[in-house]
$ cat input29.cif   # mmCIF, C-alpha atoms
data_target
loop_
_atom_site.label_atom_id
_atom_site.label_comp_id
_atom_site.auth_asym_id
_atom_site.auth_seq_id
_atom_site.Cartn_x
_atom_site.Cartn_y
_atom_site.Cartn_z
CA SER A 1 -4.29 -111.32 -90.22
CA SER A 2 -4.49 -113.84 -93.03
CA THR A 3 -4.63 -116.88 -90.75
CA SER A 4 -7.67 -115.70 -88.83
CA THR A 5 -11.30 -116.52 -89.38
CA SER A 6 -14.13 -114.13 -88.72
CA ALA A 7 -17.58 -115.59 -88.39
CA SER A 8 -20.56 -114.13 -90.18
CA ALA A 9 -23.89 -113.96 -88.40
CA SER A 10 -26.94 -115.62 -89.91
CA ASN A 11 -30.19 -115.94 -87.99
CA ASN A 12 -29.45 -116.83 -84.38
CA ASN A 13 -26.72 -119.39 -85.01
CA THR A 14 -23.41 -118.15 -86.33
CA SER A 15 -21.86 -120.79 -88.56
CA ILE A 16 -18.18 -121.67 -88.86
CA ALA A 17 -16.73 -124.31 -91.18
CA LEU A 18 -13.86 -126.51 -89.99
CA ASN A 19 -12.69 -129.47 -92.03
CA ALA A 20 -10.40 -132.38 -91.30
CA LEU A 21 -7.36 -132.45 -93.58
CA GLU A 22 -4.96 -135.31 -94.19
CA LEU A 23 -1.33 -134.49 -94.94
CA LYS A 24 1.47 -136.94 -95.70
CA ASN A 25 2.08 -139.94 -93.45
CA GLU A 26 -1.41 -139.86 -91.95
CA THR A 27 -0.82 -136.52 -90.26
CA TYR A 28 -4.10 -134.68 -89.70
CA ARG A 29 -4.91 -131.01 -89.25
CA TRP A 30 -7.98 -128.79 -89.04
CA GLN A 31 -8.54 -126.40 -91.93
CA ASN A 32 -11.02 -123.61 -92.54
CA THR A 33 -12.54 -122.45 -95.81
CA SER A 34 -9.68 -120.00 -96.43
CA GLU A 35 -7.32 -123.00 -96.19
CA ALA A 36 -5.61 -121.85 -93.00
CA ILE A 37 -4.14 -124.77 -91.04
CA ASN A 38 -5.35 -125.13 -87.41
CA PRO A 39 -6.70 -121.57 -87.63
CA THR A 40 -7.27 -119.28 -84.68
CA LEU A 41 -11.03 -118.74 -84.43
CA HIS A 42 -12.15 -115.26 -83.40
CA LEU A 43 -15.56 -115.39 -81.73
CA ILE A 44 -17.83 -112.86 -80.06
CA ALA A 45 -18.96 -113.44 -76.47
CA HIS A 46 -22.62 -114.30 -75.75
CA THR A 47 -23.12 -115.70 -79.24
CA ASP A 48 -24.26 -119.17 -80.25
CA TYR A 49 -21.97 -120.81 -82.78
CA LEU A 50 -22.53 -123.84 -84.95
CA ILE A 51 -19.26 -125.33 -86.14
CA LYS A 52 -19.87 -127.45 -89.23
CA ILE A 53 -17.27 -130.16 -89.69
CA LYS A 54 -16.47 -132.11 -92.84
CA ASN A 55 -14.35 -135.24 -92.68
CA PRO A 56 -13.03 -136.25 -96.11
CA THR A 57 -10.23 -138.33 -94.52
CA ASP A 58 -10.07 -142.09 -94.04
CA THR A 59 -10.24 -142.04 -90.24
CA LYS A 60 -12.61 -140.76 -87.57
CA HIS A 61 -12.32 -137.41 -85.82
CA GLU A 62 -14.06 -135.68 -82.92
CA LEU A 63 -13.85 -131.95 -82.26
CA ILE A 64 -13.55 -130.84 -78.63
CA ILE A 65 -13.52 -127.28 -77.30
CA GLY A 66 -11.95 -126.86 -73.90
CA SER A 67 -10.44 -124.57 -71.30
CA ASN A 68 -7.73 -125.59 -68.85
CA GLY A 69 -8.44 -129.28 -69.38
CA THR A 70 -12.22 -128.94 -69.03
CA GLU A 71 -14.37 -129.99 -71.99
CA LEU A 72 -16.86 -127.25 -72.80
CA SER A 73 -18.36 -128.73 -75.93
CA LYS A 74 -17.72 -131.60 -78.31
CA SER A 75 -19.01 -132.98 -81.55
CA ASN A 76 -20.09 -136.53 -82.09
CA GLU A 77 -17.58 -138.95 -83.51
CA ILE A 78 -17.32 -138.12 -87.21
CA GLU A 79 -16.72 -141.17 -89.37
CA PRO A 80 -14.73 -141.02 -92.65
CA ASP A 81 -16.53 -139.16 -95.46
CA LYS A 82 -19.20 -137.91 -93.05
CA ASN A 83 -20.10 -134.50 -91.67
CA GLY A 84 -20.59 -133.43 -88.09
CA LYS A 85 -21.35 -130.37 -86.04
CA LEU A 86 -20.69 -128.83 -82.69
CA LYS A 87 -22.67 -126.15 -80.89
CA PHE A 88 -20.69 -123.73 -78.76
CA ASN A 89 -21.93 -120.76 -76.77
CA ALA A 90 -19.07 -118.39 -76.13
CA ASN A 91 -20.54 -117.11 -72.88
CA SER A 92 -17.35 -115.52 -71.58
CA THR A 93 -14.38 -113.75 -73.06
CA GLY A 94 -10.96 -115.32 -73.02
CA THR A 95 -8.80 -117.88 -74.77
CA PHE A 96 -10.01 -121.43 -75.31
CA GLU A 97 -8.57 -124.33 -77.24
CA TYR A 98 -9.93 -126.89 -79.67
CA HIS A 99 -8.55 -130.26 -80.63
CA CYS A 100 -9.41 -133.68 -82.04
CA GLU A 101 -10.04 -136.45 -79.50
CA TYR A 102 -7.95 -138.84 -81.61
CA HIS A 103 -5.23 -136.51 -82.94
CA PRO A 104 -4.73 -133.96 -80.11
CA ASP A 105 -1.09 -133.20 -80.95
CA THR A 106 -1.63 -132.22 -84.57
CA MET A 107 -5.30 -131.21 -84.81
CA LYS A 108 -5.47 -128.30 -82.40
CA GLY A 109 -5.96 -124.57 -82.34
CA ILE A 110 -6.90 -121.52 -80.34
CA ILE A 111 -10.27 -119.79 -79.93
CA GLU A 112 -10.16 -116.12 -78.96
CA VAL A 113 -13.45 -114.82 -77.56
CA ALA A 114 -13.82 -111.05 -77.39
CA SER A 115 -16.64 -108.83 -76.14
CA LYS A 116 -17.30 -107.48 -79.66
#
$ encode --input "input29.cif" --output "structure tokens"
Amino acid sequence: SSTSTSASASNNNTSIALNALELKNETYRWQNTSEAINPTLHLIAHTDYLIKIKNPTDTKHELIIGSNGTELSKSNEIEPDKNGKLKFNANSTGTFEYHCEYHPDTMKGIIEVASK
């Protein structure tokens, strides 16, 4: 589908880009390189991912990946006009979620991890 992102493998870390986006009235979203808003990320199990985060907005963000309220991985706090990253090993299949520590209601999405 057009709102999905497939990752491309390079070396041993598979890289995914996810950028903070500011809409009107200081509403924030995540956006990928194909400009999908809060995209569903399709990952492959037993793969190491490096999510590269750009923050061109005027406030800080922090990306958290979780499952049923448990934090599995998180980036550092990403200050305005800075970049950050998050390492995530999708060691099991299933559905996970990602969100911003500071904007959890608007900056959130789904991660689908499949066996291949």
$ resolve_selection --input "input29.cif" --expression "the PyMOL selection byres ((chain A and resi 55) around 12)" --output "short mmCIF file (atom, residue, chain, number, x, y, z; two decimals) with C-alpha atoms, in the coordinates of the input"
data_model
loop_
_atom_site.label_atom_id
_atom_site.label_comp_id
_atom_site.auth_asym_id
_atom_site.auth_seq_id
_atom_site.Cartn_x
_atom_site.Cartn_y
_atom_site.Cartn_z
CA ALA A 17 -16.73 -124.31 -91.18
CA LEU A 18 -13.86 -126.51 -89.99
CA ASN A 19 -12.69 -129.47 -92.03
CA ALA A 20 -10.40 -132.38 -91.30
CA LEU A 21 -7.36 -132.45 -93.58
CA GLU A 22 -4.96 -135.31 -94.19
CA TYR A 28 -4.10 -134.68 -89.70
CA ARG A 29 -4.91 -131.01 -89.25
CA TRP A 30 -7.98 -128.79 -89.04
CA GLN A 31 -8.54 -126.40 -91.93
CA LYS A 52 -19.87 -127.45 -89.23
CA ILE A 53 -17.27 -130.16 -89.69
CA LYS A 54 -16.47 -132.11 -92.84
CA PRO A 56 -13.03 -136.25 -96.11
CA THR A 57 -10.23 -138.33 -94.52
CA ASP A 58 -10.07 -142.09 -94.04
CA THR A 59 -10.24 -142.04 -90.24
CA LYS A 60 -12.61 -140.76 -87.57
CA HIS A 61 -12.32 -137.41 -85.82
CA GLU A 62 -14.06 -135.68 -82.92
CA LEU A 63 -13.85 -131.95 -82.26
CA GLU A 77 -17.58 -138.95 -83.51
CA ILE A 78 -17.32 -138.12 -87.21
CA GLU A 79 -16.72 -141.17 -89.37
CA PRO A 80 -14.73 -141.02 -92.65
CA ASP A 81 -16.53 -139.16 -95.46
CA LYS A 82 -19.20 -137.91 -93.05
CA ASN A 83 -20.10 -134.50 -91.67
CA GLY A 84 -20.59 -133.43 -88.09
CA LYS A 85 -21.35 -130.37 -86.04
CA CYS A 100 -9.41 -133.68 -82.04
#
$ residues_around --input "input29.cif" --residues "Ile44 of chain A" --least-positions-apart "6" --cutoff "10 Å" --atoms "all atoms listed in the file" --output "VMD selection string"
chain A and resid 6 to 7 14 89 to 93 112 to 116
$ atom_distance --input "input29.cif" --atom1 "atom CA of Asn38 of chain A" --atom2 "atom CA of Tyr98 of chain A"
9.2 Å
$ atom_distance --input "input29.cif" --atom1 "atom CA of His42 of chain A" --atom2 "atom CA of Phe88 of chain A"
12.9 Å
$ atom_distance --input "input29.cif" --atom1 "atom CA of His46 of chain A" --atom2 "atom CA of Gly69 of chain A"
21.6 Å
$ resolve_selection --input "input29.cif" --expression "the PyMOL selection byres ((chain A and resi 64) around 9)" --output "PyMOL selection string"
chain A and resi 62-63+65-66+71-75+86+97-101
$ residues_around --input "input29.cif" --residues "Thr27 of chain A" --least-positions-apart "4" --cutoff "10 Å" --atoms "all atoms listed in the file" --output "JSON, numbers by chain"
{"A": [21, 22, 23, 103, 105, 106, 107]}
$ axis_aligned_box --input "input29.cif" --around "segment 78-93 of chain A" --padding-each-side "4 Å" --output "JSON"
{"center_x": -18.5, "center_y": -127.5, "center_z": -83.5, "size_x": 16.3, "size_y": 35.4, "size_z": 31.9}
$ closest_residue --input "input29.cif" --among "A:Ala45, A:Pro39, A:Asn76, A:Thr70" --to "Gly94 of chain A" --atoms "only C-alpha atoms"
A:Ala45
$ build_atoms --input "input29.cif" --residues "segment 20-46 of chain A" --atoms "N, CA, C and O atoms" --output "compact mmCIF listing (two decimals), in the coordinates of the input"
# COMPACT_ATOMS: atom_id res chain seq x y z
N ALA A 20 -11.57 -131.54 -91.56
CA ALA A 20 -10.40 -132.38 -91.30
C ALA A 20 -9.58 -132.45 -92.59
O ALA A 20 -10.13 -132.51 -93.69
N LEU A 21 -8.28 -132.44 -92.44
CA LEU A 21 -7.36 -132.45 -93.58
C LEU A 21 -6.30 -133.49 -93.32
O LEU A 21 -5.74 -133.56 -92.22
N GLU A 22 -6.01 -134.31 -94.34
CA GLU A 22 -4.96 -135.31 -94.19
C GLU A 22 -3.74 -134.87 -94.98
O GLU A 22 -3.82 -134.61 -96.17
N LEU A 23 -2.60 -134.79 -94.29
CA LEU A 23 -1.33 -134.49 -94.94
C LEU A 23 -0.58 -135.80 -95.13
O LEU A 23 -1.13 -136.88 -94.93
N LYS A 24 0.68 -135.73 -95.48
CA LYS A 24 1.47 -136.94 -95.70
C LYS A 24 1.60 -137.74 -94.42
O LYS A 24 1.54 -137.21 -93.32
N ASN A 25 1.81 -139.04 -94.57
CA ASN A 25 2.08 -139.94 -93.45
C ASN A 25 0.99 -139.95 -92.40
O ASN A 25 1.26 -140.02 -91.21
N GLU A 26 -0.27 -139.82 -92.86
CA GLU A 26 -1.41 -139.86 -91.95
C GLU A 26 -1.29 -138.82 -90.84
O GLU A 26 -1.58 -139.11 -89.67
N THR A 27 -0.83 -137.64 -91.19
CA THR A 27 -0.82 -136.52 -90.26
C THR A 27 -2.06 -135.70 -90.55
O THR A 27 -2.34 -135.38 -91.71
N TYR A 28 -2.82 -135.37 -89.51
CA TYR A 28 -4.10 -134.68 -89.70
C TYR A 28 -4.05 -133.29 -89.09
O TYR A 28 -3.37 -133.03 -88.10
N ARG A 29 -4.80 -132.39 -89.71
CA ARG A 29 -4.91 -131.01 -89.25
C ARG A 29 -6.37 -130.58 -89.41
O ARG A 29 -7.13 -131.19 -90.15
N TRP A 30 -6.72 -129.46 -88.75
CA TRP A 30 -7.98 -128.79 -89.04
C TRP A 30 -7.70 -127.72 -90.09
O TRP A 30 -6.60 -127.16 -90.14
N GLN A 31 -8.70 -127.41 -90.90
CA GLN A 31 -8.54 -126.40 -91.93
C GLN A 31 -9.86 -125.67 -92.09
O GLN A 31 -10.93 -126.29 -92.05
N ASN A 32 -9.79 -124.35 -92.29
CA ASN A 32 -11.02 -123.61 -92.54
C ASN A 32 -11.19 -123.35 -94.03
O ASN A 32 -10.37 -123.80 -94.84
N THR A 33 -12.23 -122.64 -94.40
CA THR A 33 -12.54 -122.45 -95.81
C THR A 33 -11.50 -121.58 -96.53
O THR A 33 -11.38 -121.65 -97.74
N SER A 34 -10.74 -120.78 -95.78
CA SER A 34 -9.68 -120.00 -96.43
C SER A 34 -8.36 -120.78 -96.45
O SER A 34 -7.32 -120.22 -96.75
N GLU A 35 -8.44 -122.07 -96.12
CA GLU A 35 -7.32 -123.00 -96.19
C GLU A 35 -6.23 -122.73 -95.17
O GLU A 35 -5.08 -123.14 -95.34
N ALA A 36 -6.56 -122.01 -94.10
CA ALA A 36 -5.61 -121.85 -93.00
C ALA A 36 -5.55 -123.17 -92.22
O ALA A 36 -6.56 -123.84 -92.04
N ILE A 37 -4.34 -123.53 -91.78
CA ILE A 37 -4.14 -124.77 -91.04
C ILE A 37 -4.28 -124.49 -89.54
O ILE A 37 -3.65 -123.57 -89.02
N ASN A 38 -5.09 -125.31 -88.85
CA ASN A 38 -5.35 -125.13 -87.41
C ASN A 38 -5.57 -123.65 -87.09
O ASN A 38 -4.87 -123.07 -86.26
N PRO A 39 -6.54 -123.03 -87.75
CA PRO A 39 -6.70 -121.57 -87.63
C PRO A 39 -7.14 -121.13 -86.24
O PRO A 39 -7.80 -121.86 -85.52
N THR A 40 -6.74 -119.91 -85.89
CA THR A 40 -7.27 -119.28 -84.68
C THR A 40 -8.66 -118.77 -85.02
O THR A 40 -8.85 -118.08 -86.03
N LEU A 41 -9.65 -119.16 -84.21
CA LEU A 41 -11.03 -118.74 -84.43
C LEU A 41 -11.32 -117.54 -83.54
O LEU A 41 -11.08 -117.59 -82.33
N HIS A 42 -11.82 -116.47 -84.16
CA HIS A 42 -12.15 -115.26 -83.40
C HIS A 42 -13.66 -115.19 -83.24
O HIS A 42 -14.38 -115.00 -84.22
N LEU A 43 -14.13 -115.34 -82.01
CA LEU A 43 -15.56 -115.39 -81.73
C LEU A 43 -15.96 -114.20 -80.87
O LEU A 43 -15.13 -113.57 -80.22
N ILE A 44 -17.26 -113.94 -80.86
CA ILE A 44 -17.83 -112.86 -80.06
C ILE A 44 -18.56 -113.48 -78.87
O ILE A 44 -19.31 -114.44 -79.03
N ALA A 45 -18.34 -112.91 -77.69
CA ALA A 45 -18.96 -113.44 -76.47
C ALA A 45 -20.49 -113.35 -76.55
O ALA A 45 -21.03 -112.50 -77.24
N HIS A 46 -21.16 -114.24 -75.85
CA HIS A 46 -22.62 -114.30 -75.75
C HIS A 46 -23.26 -114.51 -77.12
O HIS A 46 -24.27 -113.90 -77.44
